[in-house]
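Structure data follow from structure_5.cif (mmCIF, C-alpha atoms and all ligand atoms):
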data_data
#
loop_
_atom_site.label_atom_id
_atom_site.label_comp_id
_atom_site.auth_asym_id
_atom_site.auth_seq_id
_atom_site.Cartn_x
_atom_site.Cartn_y
_atom_site.Cartn_z
CA MET X 46 63.09 13.09 -47.22
CA SER X 47 63.75 9.91 -45.34
CA THR X 48 62.41 6.63 -46.61
CA LEU X 49 59.07 5.58 -45.24
CA ASN X 50 59.21 2.43 -43.11
CA GLN X 51 57.12 0.25 -40.80
CA ALA X 52 58.74 1.51 -37.61
CA GLU X 53 57.94 5.12 -38.35
CA LEU X 54 54.33 4.26 -39.29
CA ASP X 55 53.91 2.26 -36.07
CA GLY X 56 55.12 5.26 -34.09
CA LEU X 57 52.76 7.62 -35.90
CA LEU X 58 49.84 5.24 -35.37
CA ALA X 59 50.54 4.88 -31.66
CA THR X 60 50.57 8.67 -31.31
CA ALA X 61 47.32 9.06 -33.26
CA GLN X 62 45.56 6.32 -31.32
CA GLY X 63 46.69 7.92 -28.09
CA GLU X 64 44.64 11.01 -28.89
CA VAL X 65 41.40 11.04 -26.89
CA LEU X 66 38.67 12.39 -29.16
CA ASP X 67 35.92 13.03 -26.60
CA ASN X 68 34.35 16.11 -28.11
CA GLU X 69 33.45 17.53 -31.49
CA GLU X 70 36.35 20.02 -31.54
CA LYS X 71 39.01 17.39 -30.92
CA LEU X 72 37.44 15.15 -33.51
CA GLU X 73 37.45 17.89 -36.15
CA ALA X 74 41.05 18.89 -35.35
CA PHE X 75 42.09 15.25 -35.69
CA ARG X 76 40.32 14.97 -39.03
CA ILE X 77 42.05 18.07 -40.41
CA ALA X 78 45.45 17.06 -39.04
CA HIS X 79 45.28 13.56 -40.47
CA PHE X 80 42.88 13.50 -43.39
CA GLY X 81 42.92 17.18 -44.43
CA ARG X 82 44.46 18.70 -47.54
CA GLN X 83 47.63 19.49 -45.65
CA GLY X 84 47.31 16.60 -43.29
CA LEU X 85 49.49 13.68 -42.36
CA LEU X 86 48.14 11.24 -44.93
CA LYS X 87 48.74 13.70 -47.73
CA ALA X 88 52.37 14.11 -46.62
CA LEU X 89 52.86 10.37 -46.29
CA ASN X 90 51.42 9.79 -49.75
CA GLU X 91 53.90 12.25 -51.17
CA ARG X 92 56.77 10.48 -49.44
CA PHE X 93 55.45 7.16 -50.69
CA ARG X 94 55.94 8.34 -54.24
CA ALA X 95 59.65 8.73 -53.50
CA VAL X 96 60.01 5.19 -52.21
CA PRO X 97 62.30 3.19 -54.53
CA GLY X 98 60.54 0.69 -56.81
CA PRO X 99 61.58 -2.58 -55.12
CA GLU X 100 60.34 -1.37 -51.70
CA LYS X 101 57.04 0.07 -52.99
CA ARG X 102 55.00 -3.09 -52.53
CA GLU X 103 55.97 -3.63 -48.89
CA VAL X 104 55.78 0.03 -47.88
CA GLY X 105 52.50 0.41 -49.77
CA GLN X 106 50.93 -2.41 -47.72
CA ALA X 107 52.19 -0.90 -44.48
CA LEU X 108 50.83 2.50 -45.47
CA ASN X 109 47.40 1.04 -46.31
CA ALA X 110 47.21 -0.73 -42.96
CA PHE X 111 48.17 2.54 -41.28
CA LYS X 112 45.39 4.44 -43.11
CA GLN X 113 42.82 1.84 -42.13
CA ALA X 114 43.83 1.86 -38.49
CA LEU X 115 43.78 5.66 -38.43
CA GLN X 116 40.31 5.70 -40.01
CA ALA X 117 39.08 3.06 -37.54
CA HIS X 118 40.26 5.17 -34.60
CA PHE X 119 38.49 8.21 -36.01
CA ASP X 120 35.25 6.31 -36.79
CA ALA X 121 35.10 4.75 -33.34
CA ALA X 122 35.49 8.13 -31.62
CA LYS X 123 32.91 9.70 -33.91
CA GLY X 124 30.49 6.82 -33.28
CA SER X 125 30.59 7.14 -29.51
CA LEU X 126 30.22 10.93 -29.66
CA THR X 127 27.10 10.54 -31.83
CA ALA X 128 25.61 7.99 -29.43
CA GLN X 129 26.16 10.34 -26.50
CA ALA X 130 24.60 13.21 -28.38
CA ASP X 131 21.56 11.07 -29.22
CA ALA X 132 21.09 10.07 -25.62
CA ALA X 133 21.39 13.67 -24.46
CA GLY X 134 19.06 14.82 -27.21
CA SER X 135 16.34 12.37 -26.13
CA GLY X 136 16.61 13.61 -22.55
CA MET X 137 17.76 10.17 -21.46
CA ASP X 138 20.34 9.69 -18.75
CA HIS X 139 21.24 6.04 -18.66
CA THR X 140 22.94 6.38 -15.29
CA ARG X 141 19.78 7.46 -13.45
CA PRO X 142 17.99 4.96 -11.22
CA SER X 143 14.58 4.02 -12.62
CA GLY X 144 11.58 5.99 -11.36
CA GLU X 145 8.70 4.70 -9.28
CA VAL X 146 6.28 2.62 -11.31
CA PRO X 147 2.76 3.89 -10.59
CA LEU X 148 0.58 1.03 -9.40
CA GLY X 149 -2.56 2.93 -8.49
CA SER X 150 -3.50 3.91 -4.97
CA HIS X 151 -4.79 2.04 -1.95
CA HIS X 152 -8.52 1.73 -1.54
CA PRO X 153 -9.74 4.12 1.19
CA ILE X 154 -11.10 1.15 3.17
CA GLN X 155 -7.65 -0.37 3.08
CA VAL X 156 -6.00 2.90 4.12
CA VAL X 157 -8.24 3.26 7.19
CA ARG X 158 -7.98 -0.44 8.01
CA ARG X 159 -4.20 -0.31 8.07
CA GLU X 160 -4.11 2.90 10.06
CA ILE X 161 -6.41 1.44 12.74
CA LEU X 162 -4.51 -1.85 12.86
CA SER X 163 -1.19 -0.08 13.25
CA ILE X 164 -2.51 1.90 16.23
CA PHE X 165 -3.62 -1.32 17.94
CA ASP X 166 -0.41 -3.03 16.89
CA ARG X 167 1.50 -0.43 18.91
CA MET X 168 -0.72 -1.26 21.90
CA GLY X 169 0.22 -4.94 21.63
CA PHE X 170 -2.79 -6.30 19.73
CA THR X 171 -2.09 -8.95 17.10
CA VAL X 172 -4.30 -9.61 14.07
CA ALA X 173 -6.61 -12.64 13.78
CA ASP X 174 -8.72 -13.72 10.85
CA GLY X 175 -11.82 -15.87 10.39
CA PRO X 176 -14.11 -17.11 7.62
CA GLU X 177 -16.78 -15.00 5.92
CA ILE X 178 -19.09 -18.00 5.53
CA GLU X 179 -19.88 -18.97 9.09
CA ASP X 180 -22.17 -21.19 11.13
CA ASP X 181 -24.90 -20.13 13.54
CA TRP X 182 -22.77 -20.96 16.57
CA HIS X 183 -19.92 -18.54 15.84
CA VAL X 184 -22.11 -15.66 14.68
CA PHE X 185 -25.03 -15.96 17.11
CA SER X 186 -25.36 -18.79 19.62
CA GLY X 187 -21.77 -18.70 20.90
CA LEU X 188 -22.25 -14.97 21.41
CA ASN X 189 -25.29 -15.37 23.60
CA PHE X 190 -27.90 -14.36 21.03
CA PRO X 191 -31.22 -15.76 22.14
CA GLU X 192 -32.92 -18.20 19.76
CA GLU X 193 -35.53 -15.64 18.72
CA HIS X 194 -33.15 -12.68 18.29
CA PRO X 195 -34.19 -10.56 15.26
CA ALA X 196 -30.64 -10.51 13.83
CA ARG X 197 -31.09 -14.17 12.92
CA ASP X 198 -34.13 -13.22 10.90
CA MET X 199 -34.06 -13.70 7.15
CA GLN X 200 -34.37 -9.92 6.84
CA ASP X 201 -30.92 -9.29 8.25
CA THR X 202 -28.88 -12.36 7.54
CA PHE X 203 -27.90 -14.03 4.28
CA PHE X 204 -28.27 -17.76 4.73
CA ILE X 205 -26.72 -20.39 2.48
CA GLN X 206 -29.65 -22.19 0.86
CA ARG X 207 -27.99 -25.58 0.48
CA ASN X 208 -27.04 -25.70 4.16
CA PRO X 209 -29.35 -23.80 6.50
CA ASP X 210 -26.77 -23.79 9.28
CA LEU X 211 -24.37 -21.78 7.15
CA LEU X 212 -24.64 -18.03 6.72
CA LEU X 213 -22.60 -14.97 5.78
CA ARG X 214 -21.28 -13.45 9.00
CA THR X 215 -23.15 -10.31 10.00
CA HIS X 216 -20.30 -9.08 12.18
CA THR X 217 -16.65 -9.86 12.91
CA SER X 218 -17.57 -10.85 16.48
CA SER X 219 -17.63 -14.42 15.12
CA VAL X 220 -13.83 -14.31 15.04
CA GLN X 221 -13.85 -13.59 18.80
CA VAL X 222 -15.56 -16.93 19.37
CA ARG X 223 -13.16 -18.79 17.07
CA GLU X 224 -10.13 -17.32 18.81
CA MET X 225 -11.49 -17.92 22.32
CA GLU X 226 -12.13 -21.56 21.41
CA LYS X 227 -8.72 -21.96 19.86
CA ARG X 228 -6.47 -20.16 22.33
CA GLU X 229 -5.85 -19.73 26.02
CA PRO X 230 -5.98 -16.27 27.62
CA PRO X 231 -4.40 -13.78 27.69
CA LEU X 232 -5.82 -12.71 24.35
CA ARG X 233 -5.17 -9.33 22.84
CA ILE X 234 -6.36 -9.35 19.23
CA VAL X 235 -7.89 -7.22 16.50
CA MET X 236 -9.95 -8.86 13.77
CA PRO X 237 -10.58 -6.97 10.54
CA GLY X 238 -12.95 -8.34 7.95
CA ARG X 239 -15.85 -8.14 5.58
CA VAL X 240 -19.37 -8.60 6.88
CA PHE X 241 -22.76 -9.02 5.21
CA ARG X 242 -26.25 -7.90 6.06
CA ASN X 243 -29.43 -8.16 4.08
CA GLU X 244 -29.95 -4.42 3.63
CA ALA X 245 -31.10 -2.35 0.69
CA ILE X 246 -28.20 -0.42 -0.80
CA SER X 247 -28.36 3.34 -0.16
CA ALA X 248 -26.06 6.26 0.64
CA ARG X 249 -25.95 5.15 4.29
CA ALA X 250 -26.29 1.35 4.10
CA HIS X 251 -24.86 -1.49 2.09
CA CYS X 252 -25.20 -5.27 2.15
CA ILE X 253 -21.42 -5.61 2.32
CA PHE X 254 -19.20 -3.60 4.64
CA HIS X 255 -16.09 -3.92 6.78
CA GLN X 256 -15.49 -4.03 10.50
CA ILE X 257 -12.58 -4.17 12.89
CA GLU X 258 -13.24 -6.16 16.02
CA GLY X 259 -11.13 -6.03 19.16
CA LEU X 260 -10.86 -8.45 22.06
CA TYR X 261 -8.80 -8.31 25.22
CA ILE X 262 -9.03 -11.10 27.77
CA ASP X 263 -6.80 -11.46 30.81
CA ARG X 264 -7.00 -11.52 34.59
CA ASP X 265 -8.51 -8.37 36.13
CA VAL X 266 -9.46 -6.60 32.91
CA SER X 267 -11.87 -3.84 33.84
CA PHE X 268 -14.14 -1.29 32.21
CA ALA X 269 -11.44 1.30 32.96
CA ASP X 270 -9.07 -0.65 30.69
CA LEU X 271 -11.69 -0.62 27.95
CA LYS X 272 -12.21 3.11 28.24
CA GLN X 273 -8.51 3.93 28.37
CA THR X 274 -7.71 1.72 25.37
CA LEU X 275 -10.47 3.28 23.28
CA LEU X 276 -9.47 6.79 24.34
CA ALA X 277 -5.86 6.07 23.34
CA PHE X 278 -7.12 4.80 19.99
CA ALA X 279 -9.34 7.85 19.41
CA GLU X 280 -6.53 10.26 20.26
CA GLN X 281 -4.16 8.58 17.85
CA PHE X 282 -6.66 8.27 15.04
CA PHE X 283 -8.51 11.59 15.35
CA GLY X 284 -5.77 13.66 17.01
CA ALA X 285 -4.52 14.54 20.50
CA GLY X 286 -7.17 16.02 22.76
CA THR X 287 -10.03 14.11 21.08
CA LYS X 288 -12.93 13.72 23.48
CA ILE X 289 -14.91 10.49 23.74
CA ARG X 290 -18.02 9.43 25.60
CA LEU X 291 -19.52 6.02 26.31
CA ARG X 292 -23.30 5.74 26.14
CA PRO X 293 -25.05 2.72 27.65
CA SER X 294 -26.24 0.32 24.99
CA TYR X 295 -27.10 -3.32 24.50
CA PHE X 296 -25.38 -6.27 22.81
CA PRO X 297 -26.17 -9.88 23.74
CA PHE X 298 -22.47 -10.70 24.14
CA THR X 299 -21.29 -7.79 26.31
CA GLU X 300 -22.39 -6.67 29.74
CA PRO X 301 -22.31 -3.79 30.37
CA SER X 302 -22.43 -2.58 26.77
CA ALA X 303 -21.81 0.87 25.36
CA GLU X 304 -21.60 2.91 22.19
CA MET X 305 -18.55 5.08 21.91
CA ASP X 306 -18.98 8.59 20.52
CA VAL X 307 -16.22 10.96 19.45
CA TYR X 308 -16.67 14.70 19.84
CA TRP X 309 -16.70 16.13 16.37
CA GLY X 310 -17.70 19.76 17.00
CA LEU X 311 -20.72 21.92 16.37
CA GLU X 312 -19.25 24.94 14.65
CA THR X 313 -20.32 24.63 11.05
CA GLU X 314 -23.50 23.61 9.31
CA VAL X 315 -21.73 20.43 8.18
CA ASP X 316 -20.83 19.62 11.83
CA LYS X 317 -24.46 20.06 12.78
CA ARG X 318 -25.67 17.88 9.97
CA ILE X 319 -23.32 14.94 10.41
CA THR X 320 -23.68 14.92 14.21
CA LYS X 321 -27.46 15.42 14.03
CA GLY X 322 -27.11 18.56 16.10
CA THR X 323 -25.34 16.90 19.06
CA GLY X 324 -21.67 17.47 18.17
CA TRP X 325 -21.02 13.76 18.88
CA LEU X 326 -20.46 10.96 16.40
CA GLU X 327 -21.02 7.31 17.07
CA ILE X 328 -17.89 5.30 16.26
CA MET X 329 -18.27 1.81 17.67
CA GLY X 330 -19.99 -0.65 19.92
CA CYS X 331 -18.14 -2.06 22.91
CA GLY X 332 -18.47 -3.61 26.34
CA MET X 333 -17.21 -6.15 28.84
CA VAL X 334 -17.39 -9.68 27.44
CA ASP X 335 -20.41 -11.37 29.00
CA PRO X 336 -19.26 -14.19 31.34
CA ALA X 337 -21.70 -16.51 29.53
CA VAL X 338 -19.76 -15.89 26.29
CA LEU X 339 -16.42 -16.71 27.97
CA GLU X 340 -17.88 -19.91 29.42
CA ALA X 341 -19.41 -20.94 26.09
CA SER X 342 -15.92 -20.84 24.57
CA GLY X 343 -14.32 -22.72 27.43
CA ILE X 344 -12.80 -19.79 29.32
CA ASP X 345 -13.21 -19.70 33.09
CA SER X 346 -15.13 -16.49 33.77
CA LYS X 347 -14.12 -16.52 37.44
CA GLU X 348 -10.48 -16.31 36.51
CA TYR X 349 -10.71 -14.14 33.41
CA SER X 350 -12.53 -11.07 32.25
CA GLY X 351 -12.27 -9.05 29.09
CA PHE X 352 -13.56 -6.32 26.86
CA ALA X 353 -14.55 -6.27 23.20
CA PHE X 354 -15.29 -3.60 20.66
CA GLY X 355 -16.30 -3.42 17.02
CA MET X 356 -16.25 -0.56 14.54
CA GLY X 357 -17.32 -0.07 10.94
CA ILE X 358 -14.45 0.88 8.64
CA GLU X 359 -16.63 2.59 6.01
CA ARG X 360 -18.16 4.81 8.64
CA ILE X 361 -14.78 5.93 9.90
CA ALA X 362 -13.51 6.47 6.34
CA MET X 363 -16.60 8.60 5.60
CA LEU X 364 -15.83 10.75 8.62
CA LYS X 365 -12.14 11.00 7.86
CA TRP X 366 -12.66 12.27 4.30
CA GLN X 367 -16.22 13.59 4.58
CA ILE X 368 -17.49 11.12 2.00
CA GLY X 369 -21.21 11.52 1.67
CA ASP X 370 -22.21 8.31 -0.07
CA LEU X 371 -21.30 4.80 1.06
CA ARG X 372 -21.77 3.42 -2.43
CA ALA X 373 -18.60 5.19 -3.61
CA PHE X 374 -16.53 2.54 -1.79
CA PHE X 375 -17.98 -0.28 -3.86
CA GLU X 376 -18.27 1.23 -7.33
CA ASN X 377 -14.55 1.12 -8.21
CA ASP X 378 -14.67 4.44 -10.02
CA VAL X 379 -10.99 5.28 -10.52
CA ARG X 380 -11.71 9.01 -10.34
CA PHE X 381 -12.81 8.43 -6.75
CA LEU X 382 -10.16 5.85 -5.86
CA LYS X 383 -7.11 7.69 -7.14
CA GLN X 384 -7.64 10.53 -4.67
CA PHE X 385 -6.49 8.39 -1.77
CA THR X 386 -2.78 8.32 -1.25
CA SER X 387 -1.34 7.38 2.05
CA SER X 388 1.72 5.95 3.72
CA PHE X 389 -0.40 3.03 4.88
N1 LIG X 401 -20.70 -6.83 16.70
C1 LIG X 401 -21.31 -5.56 17.02
C2 LIG X 401 -21.98 -5.01 15.76
O1 LIG X 401 -21.71 -5.47 14.68
C3 LIG X 401 -20.31 -4.54 17.52
C4 LIG X 401 -19.68 -4.94 18.83
C5 LIG X 401 -18.49 -5.66 18.85
C6 LIG X 401 -20.25 -4.54 20.02
C7 LIG X 401 -17.90 -6.00 20.04
C8 LIG X 401 -19.65 -4.87 21.23
C9 LIG X 401 -18.51 -5.60 21.23
O2 LIG X 401 -22.79 -4.11 15.83
#

Would you encode the structure as structure tokens?
Amino acid sequence: MSTLNQAELDGLLATAQGEVLDNEEKLEAFRIAHFGRQGLLKALNERFRAVPGPEKREVGQALNAFKQALQAHFDAAKGSLTAQADAAGSGMDHTRPSGEVPLGSHHPIQVVRREILSIFDRMGFTVADGPEIEDDWHVFSGLNFPEEHPARDMQDTFFIQRNPDLLLRTHTSSVQVREMEKREPPLRIVMPGRVFRNEAISARAHCIFHQIEGLYIDRDVSFADLKQTLLAFAEQFFGAGTKIRLRPSYFPFTEPSAEMDVYWGLETEVDKRITKGTGWLEIMGCGMVDPAVLEASGIDSKEYSGFAFGMGIERIAMLKWQIGDLRAFFENDVRFLKQFTSSF
């Protein structure tokens, strides 16, 4: 038996450390081969006994260092195998990208609002915004409401007590006036927003609701443009082939004025109920901007003409999802809200 020396131990260690112990079988084989009853360490210990006395101290130290290094290699491999097994056992894959963090769903009013705005966006309308607390001029006078118009009445409008000229806007048409005053035609804008009316809360009415207003002013804008724009909107929102009709109506700020209806159908009992037996559903008010309104905002009505429209978002959301009670939009009941998922 040759004498044990540092060089041989270094060689043995290099070989042992070169062994990749990446599964349980290899680890166990390594343990038996090195630490087992007939393993390498046992053999080396036997040879150590034969080392001559004067060399024992030096060879003994080398052998101890070898044992420690061998054990360290084994422990490290065992440690990483255990960690992998733990991770697998907990069902965790650390290499996977993290999942989507649920942040609730969009409010149905928001879903419909975005859908409508994106349709008008594709037709070239940009979005404009205005204040909810308004003055008489922007909500009424600038829109041609006569002094004694009932909408100004305390019954319909919330006034600000400390300043009687201030009120909560009753419609988004106020933003039309602000934009006409601020900008030069051509104007092609949609104006979403919250509006307020002094109404008792019920399944069909609420003191707070939302509208989307539209305004298009340019040279030679005609009623045909109004009708075609609203038809294009209805077809995109309610589906290709949707039928619309325009019924004469009255608004102080449009002339002529109309209500737009969408054909809903008359097949089921529900159809009959929600269309009051006509098959048609009223969607919005619209009309050609009254020349007096253009002039009041500093736009030359001989050079320019335009159309405007306004729709209630709640009403359209109720139709879209057949929601029977307006109050559901304002109660923030998560059981109601979490049903609305949408790409908008
Ligand atoms: N402002 C009207 C309303 O709230 C709707 C409307 C807007 C009508 C624009 C015509 C033109 O009822």

Please report, as JSON lines, each residue of chain X lying at most 8 Å from ligand LIG 401 (chain X), together with the nearest pair of atoms and the separation in Å rounded to one decimal; use all atoms listed in the file, and order rows by chain and ascending residue number.
{"residue": "X:Thr215", "atom": "CA", "partner": "X:LIG401", "partner_atom": "O1", "distance": 6.9}
{"residue": "X:His216", "atom": "CA", "partner": "X:LIG401", "partner_atom": "O1", "distance": 4.6}
{"residue": "X:Thr217", "atom": "CA", "partner": "X:LIG401", "partner_atom": "N1", "distance": 6.3}
{"residue": "X:Ser218", "atom": "CA", "partner": "X:LIG401", "partner_atom": "N1", "distance": 5.1}
{"residue": "X:Gln256", "atom": "CA", "partner": "X:LIG401", "partner_atom": "O1", "distance": 7.6}
{"residue": "X:Glu258", "atom": "CA", "partner": "X:LIG401", "partner_atom": "C5", "distance": 6.0}
{"residue": "X:Gly259", "atom": "CA", "partner": "X:LIG401", "partner_atom": "C7", "distance": 6.8}
{"residue": "X:Leu260", "atom": "CA", "partner": "X:LIG401", "partner_atom": "C7", "distance": 7.7}
{"residue": "X:Phe296", "atom": "CA", "partner": "X:LIG401", "partner_atom": "C6", "distance": 6.1}
{"residue": "X:Phe298", "atom": "CA", "partner": "X:LIG401", "partner_atom": "C9", "distance": 7.1}
{"residue": "X:Thr299", "atom": "CA", "partner": "X:LIG401", "partner_atom": "C8", "distance": 6.1}
{"residue": "X:Ser302", "atom": "CA", "partner": "X:LIG401", "partner_atom": "C8", "distance": 6.6}
{"residue": "X:Ala303", "atom": "CA", "partner": "X:LIG401", "partner_atom": "C8", "distance": 7.4}
{"residue": "X:Glu304", "atom": "CA", "partner": "X:LIG401", "partner_atom": "C6", "distance": 7.9}
{"residue": "X:Met329", "atom": "CA", "partner": "X:LIG401", "partner_atom": "C3", "distance": 6.7}
{"residue": "X:Gly330", "atom": "CA", "partner": "X:LIG401", "partner_atom": "C6", "distance": 3.9}
{"residue": "X:Cys331", "atom": "CA", "partner": "X:LIG401", "partner_atom": "C8", "distance": 3.6}
{"residue": "X:Gly332", "atom": "CA", "partner": "X:LIG401", "partner_atom": "C8", "distance": 5.4}
{"residue": "X:Met333", "atom": "CA", "partner": "X:LIG401", "partner_atom": "C9", "distance": 7.7}
{"residue": "X:Val334", "atom": "CA", "partner": "X:LIG401", "partner_atom": "C9", "distance": 7.5}
{"residue": "X:Phe352", "atom": "CA", "partner": "X:LIG401", "partner_atom": "C9", "distance": 7.5}
{"residue": "X:Ala353", "atom": "CA", "partner": "X:LIG401", "partner_atom": "C9", "distance": 4.5}
{"residue": "X:Phe354", "atom": "CA", "partner": "X:LIG401", "partner_atom": "C7", "distance": 3.6}
{"residue": "X:Gly355", "atom": "CA", "partner": "X:LIG401", "partner_atom": "C5", "distance": 3.6}
{"residue": "X:Met356", "atom": "CA", "partner": "X:LIG401", "partner_atom": "C3", "distance": 6.4}
{"residue": "X:Gly357", "atom": "CA", "partner": "X:LIG401", "partner_atom": "O1", "distance": 7.9}

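By chain and then residue number, the residues within 10 Å of region 53-59 of chain X are Leu85, Leu89, Val104, Ala107, Leu108, Ala110, Phe111, Lys112, Ala114, Leu115 and His118 of chain X, counting only C-alpha atoms and disregarding those fewer than 6 positions away in sequence.
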
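Interatomic distance, CA of Gly175 (chain X) against CA of Gln281 (chain X): 26.7 Å.
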
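Residues lying within 8 Å of region 241-250 of chain X, counting all atoms listed in the file and ignoring same-chain neighbours fewer than 2 positions away, are Met199, Gln200, Asp201, Thr202, Phe203, Leu213, Arg214, Thr215, His216, Arg239, Cys252, Ile253, Phe254, Gly369, Asp370, Leu371 and Arg372 of chain X.
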
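Those DNA, RNA and protein residues that approach the point (-27.3, -12.6, 18.9) to within 10 Å, considering only C-alpha atoms, are Asp181, Trp182, His183, Val184, Phe185, Ser186, Gly187, Leu188, Asn189, Phe190, Pro191, Glu192, Glu193, His194, Pro195, Ala196, Arg197, Phe296, Pro297 and Phe298 of chain X.
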
Could you work out an axis-aligned bounding box for all listed atoms of region 308-320 of chain X, with 5 Å added on each of the six sides, and give its centre and edge lengths in Å to one decimal, as JSON?
{"center_x": -21.2, "center_y": 19.8, "center_z": 14.0, "size_x": 19.0, "size_y": 20.2, "size_z": 21.7}

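The gap separating CA of Ser219 (chain X) from CA of Pro176 (chain X) is 8.7 Å, in Å to one decimal.
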
Quick one: residues within 8 Å of region 152-155 of chain X, only C-alpha atoms counted, chain neighbours fewer than 5 positions away excluded, as a PDB file with C-alpha atoms, in the frame of the given file?
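The result, written out as result-v3.pdb:
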ATOM      1  CA  HIS X 255     -16.090  -3.920   6.780  1.00  0.00           C
ATOM      2  CA  ILE X 358     -14.450   0.880   8.640  1.00  0.00           C
ATOM      3  CA  GLU X 359     -16.630   2.590   6.010  1.00  0.00           C
ATOM      4  CA  ALA X 362     -13.510   6.470   6.340  1.00  0.00           C
ATOM      5  CA  PHE X 374     -16.530   2.540  -1.790  1.00  0.00           C
ATOM      6  CA  LEU X 382     -10.160   5.850  -5.860  1.00  0.00           C
ATOM      7  CA  PHE X 385      -6.490   8.390  -1.770  1.00  0.00           C
TER       8      PHE X 385
END

Next item on the list: For region 139-148 of chain X, please output as a VMD selection string all residues within 12 Å (counting all atoms listed in the file; exclusion window: fewer than 4 positions along the same chain).
Entry: chain X and resid 128 to 129 131 to 133 135 383 386

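Using only C-alpha atoms for every distance, the candidate list X:Arg82, X:Arg159, X:Lys71, X:Arg207 yields X:Lys71 as the residue closest to Lys123 (chain X).
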
Item checked: Of the listed residues X:Arg290, X:Asp180, X:Met225, X:Trp366, that which approaches Ile205 (chain X) most closely, counting only C-alpha atoms -> X:Asp180

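Distances from X:Gly105, X:Pro97, X:Gly134, X:Pro230 to Ser346 (chain X) were compared using all atoms listed in the file, and the smallest one belongs to X:Pro230.
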
Check: Do you know which residues are at most 10 Å from Gln384 (chain X) counting all atoms listed in the file, after dropping those on the same chain fewer than 4 positions away, and could you put them as an MDAnalysis selection string?
Finding: chainID X and resid 149:153 379:380

Just C-alpha atoms for this one: save the residues we selected as an mmCIF file, in the coordinates of the input.
data_model
loop_
_atom_site.group_PDB
_atom_site.id
_atom_site.type_symbol
_atom_site.label_atom_id
_atom_site.label_comp_id
_atom_site.auth_asym_id
_atom_site.auth_seq_id
_atom_site.Cartn_x
_atom_site.Cartn_y
_atom_site.Cartn_z
ATOM 1 C CA GLY X 149 -2.560 2.930 -8.490
ATOM 2 C CA SER X 150 -3.500 3.910 -4.970
ATOM 3 C CA HIS X 151 -4.790 2.040 -1.950
ATOM 4 C CA HIS X 152 -8.520 1.730 -1.540
ATOM 5 C CA PRO X 153 -9.740 4.120 1.190
ATOM 6 C CA VAL X 379 -10.990 5.280 -10.520
ATOM 7 C CA ARG X 380 -11.710 9.010 -10.340
#

Next item on the list: Dig up all the protein and nucleic acid residues within 10 Å of (-12.3, -15.8, 28.1) in the file frame, using only C-alpha atoms, and format them as a PyMOL selection string.
Entry: chain X and resi 221-222+224-226+228-232+260-264+334-352

For C-alpha atoms, I'd like the residues from the last selection saved as an mmCIF file, in the coordinates of the input.
data_model
loop_
_atom_site.group_PDB
_atom_site.id
_atom_site.type_symbol
_atom_site.label_atom_id
_atom_site.label_comp_id
_atom_site.auth_asym_id
_atom_site.auth_seq_id
_atom_site.Cartn_x
_atom_site.Cartn_y
_atom_site.Cartn_z
ATOM 1 C CA GLN X 221 -13.850 -13.590 18.800
ATOM 2 C CA VAL X 222 -15.560 -16.930 19.370
ATOM 3 C CA GLU X 224 -10.130 -17.320 18.810
ATOM 4 C CA MET X 225 -11.490 -17.920 22.320
ATOM 5 C CA GLU X 226 -12.130 -21.560 21.410
ATOM 6 C CA ARG X 228 -6.470 -20.160 22.330
ATOM 7 C CA GLU X 229 -5.850 -19.730 26.020
ATOM 8 C CA PRO X 230 -5.980 -16.270 27.620
ATOM 9 C CA PRO X 231 -4.400 -13.780 27.690
ATOM 10 C CA LEU X 232 -5.820 -12.710 24.350
ATOM 11 C CA LEU X 260 -10.860 -8.450 22.060
ATOM 12 C CA TYR X 261 -8.800 -8.310 25.220
ATOM 13 C CA ILE X 262 -9.030 -11.100 27.770
ATOM 14 C CA ASP X 263 -6.800 -11.460 30.810
ATOM 15 C CA ARG X 264 -7.000 -11.520 34.590
ATOM 16 C CA VAL X 334 -17.390 -9.680 27.440
ATOM 17 C CA ASP X 335 -20.410 -11.370 29.000
ATOM 18 C CA PRO X 336 -19.260 -14.190 31.340
ATOM 19 C CA ALA X 337 -21.700 -16.510 29.530
ATOM 20 C CA VAL X 338 -19.760 -15.890 26.290
ATOM 21 C CA LEU X 339 -16.420 -16.710 27.970
ATOM 22 C CA GLU X 340 -17.880 -19.910 29.420
ATOM 23 C CA ALA X 341 -19.410 -20.940 26.090
ATOM 24 C CA SER X 342 -15.920 -20.840 24.570
ATOM 25 C CA GLY X 343 -14.320 -22.720 27.430
ATOM 26 C CA ILE X 344 -12.800 -19.790 29.320
ATOM 27 C CA ASP X 345 -13.210 -19.700 33.090
ATOM 28 C CA SER X 346 -15.130 -16.490 33.770
ATOM 29 C CA LYS X 347 -14.120 -16.520 37.440
ATOM 30 C CA GLU X 348 -10.480 -16.310 36.510
ATOM 31 C CA TYR X 349 -10.710 -14.140 33.410
ATOM 32 C CA SER X 350 -12.530 -11.070 32.250
ATOM 33 C CA GLY X 351 -12.270 -9.050 29.090
ATOM 34 C CA PHE X 352 -13.560 -6.320 26.860
#

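If you look at CA of His79 (chain X) and CA of Ala95 (chain X), they are 20.0 Å away from each other.
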
Notebook entry, point to check: X:Gly63, X:Gly81, X:Glu73, X:Gly284: which is nearest Leu126 (chain X), counting all atoms listed in the file?
Noted result: X:Glu73

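If you measure from each of X:Pro209, X:Gly238, X:Gly136, X:Gly124 to Val172 (chain X) using only C-alpha atoms, the closest one turns out to be X:Gly238.
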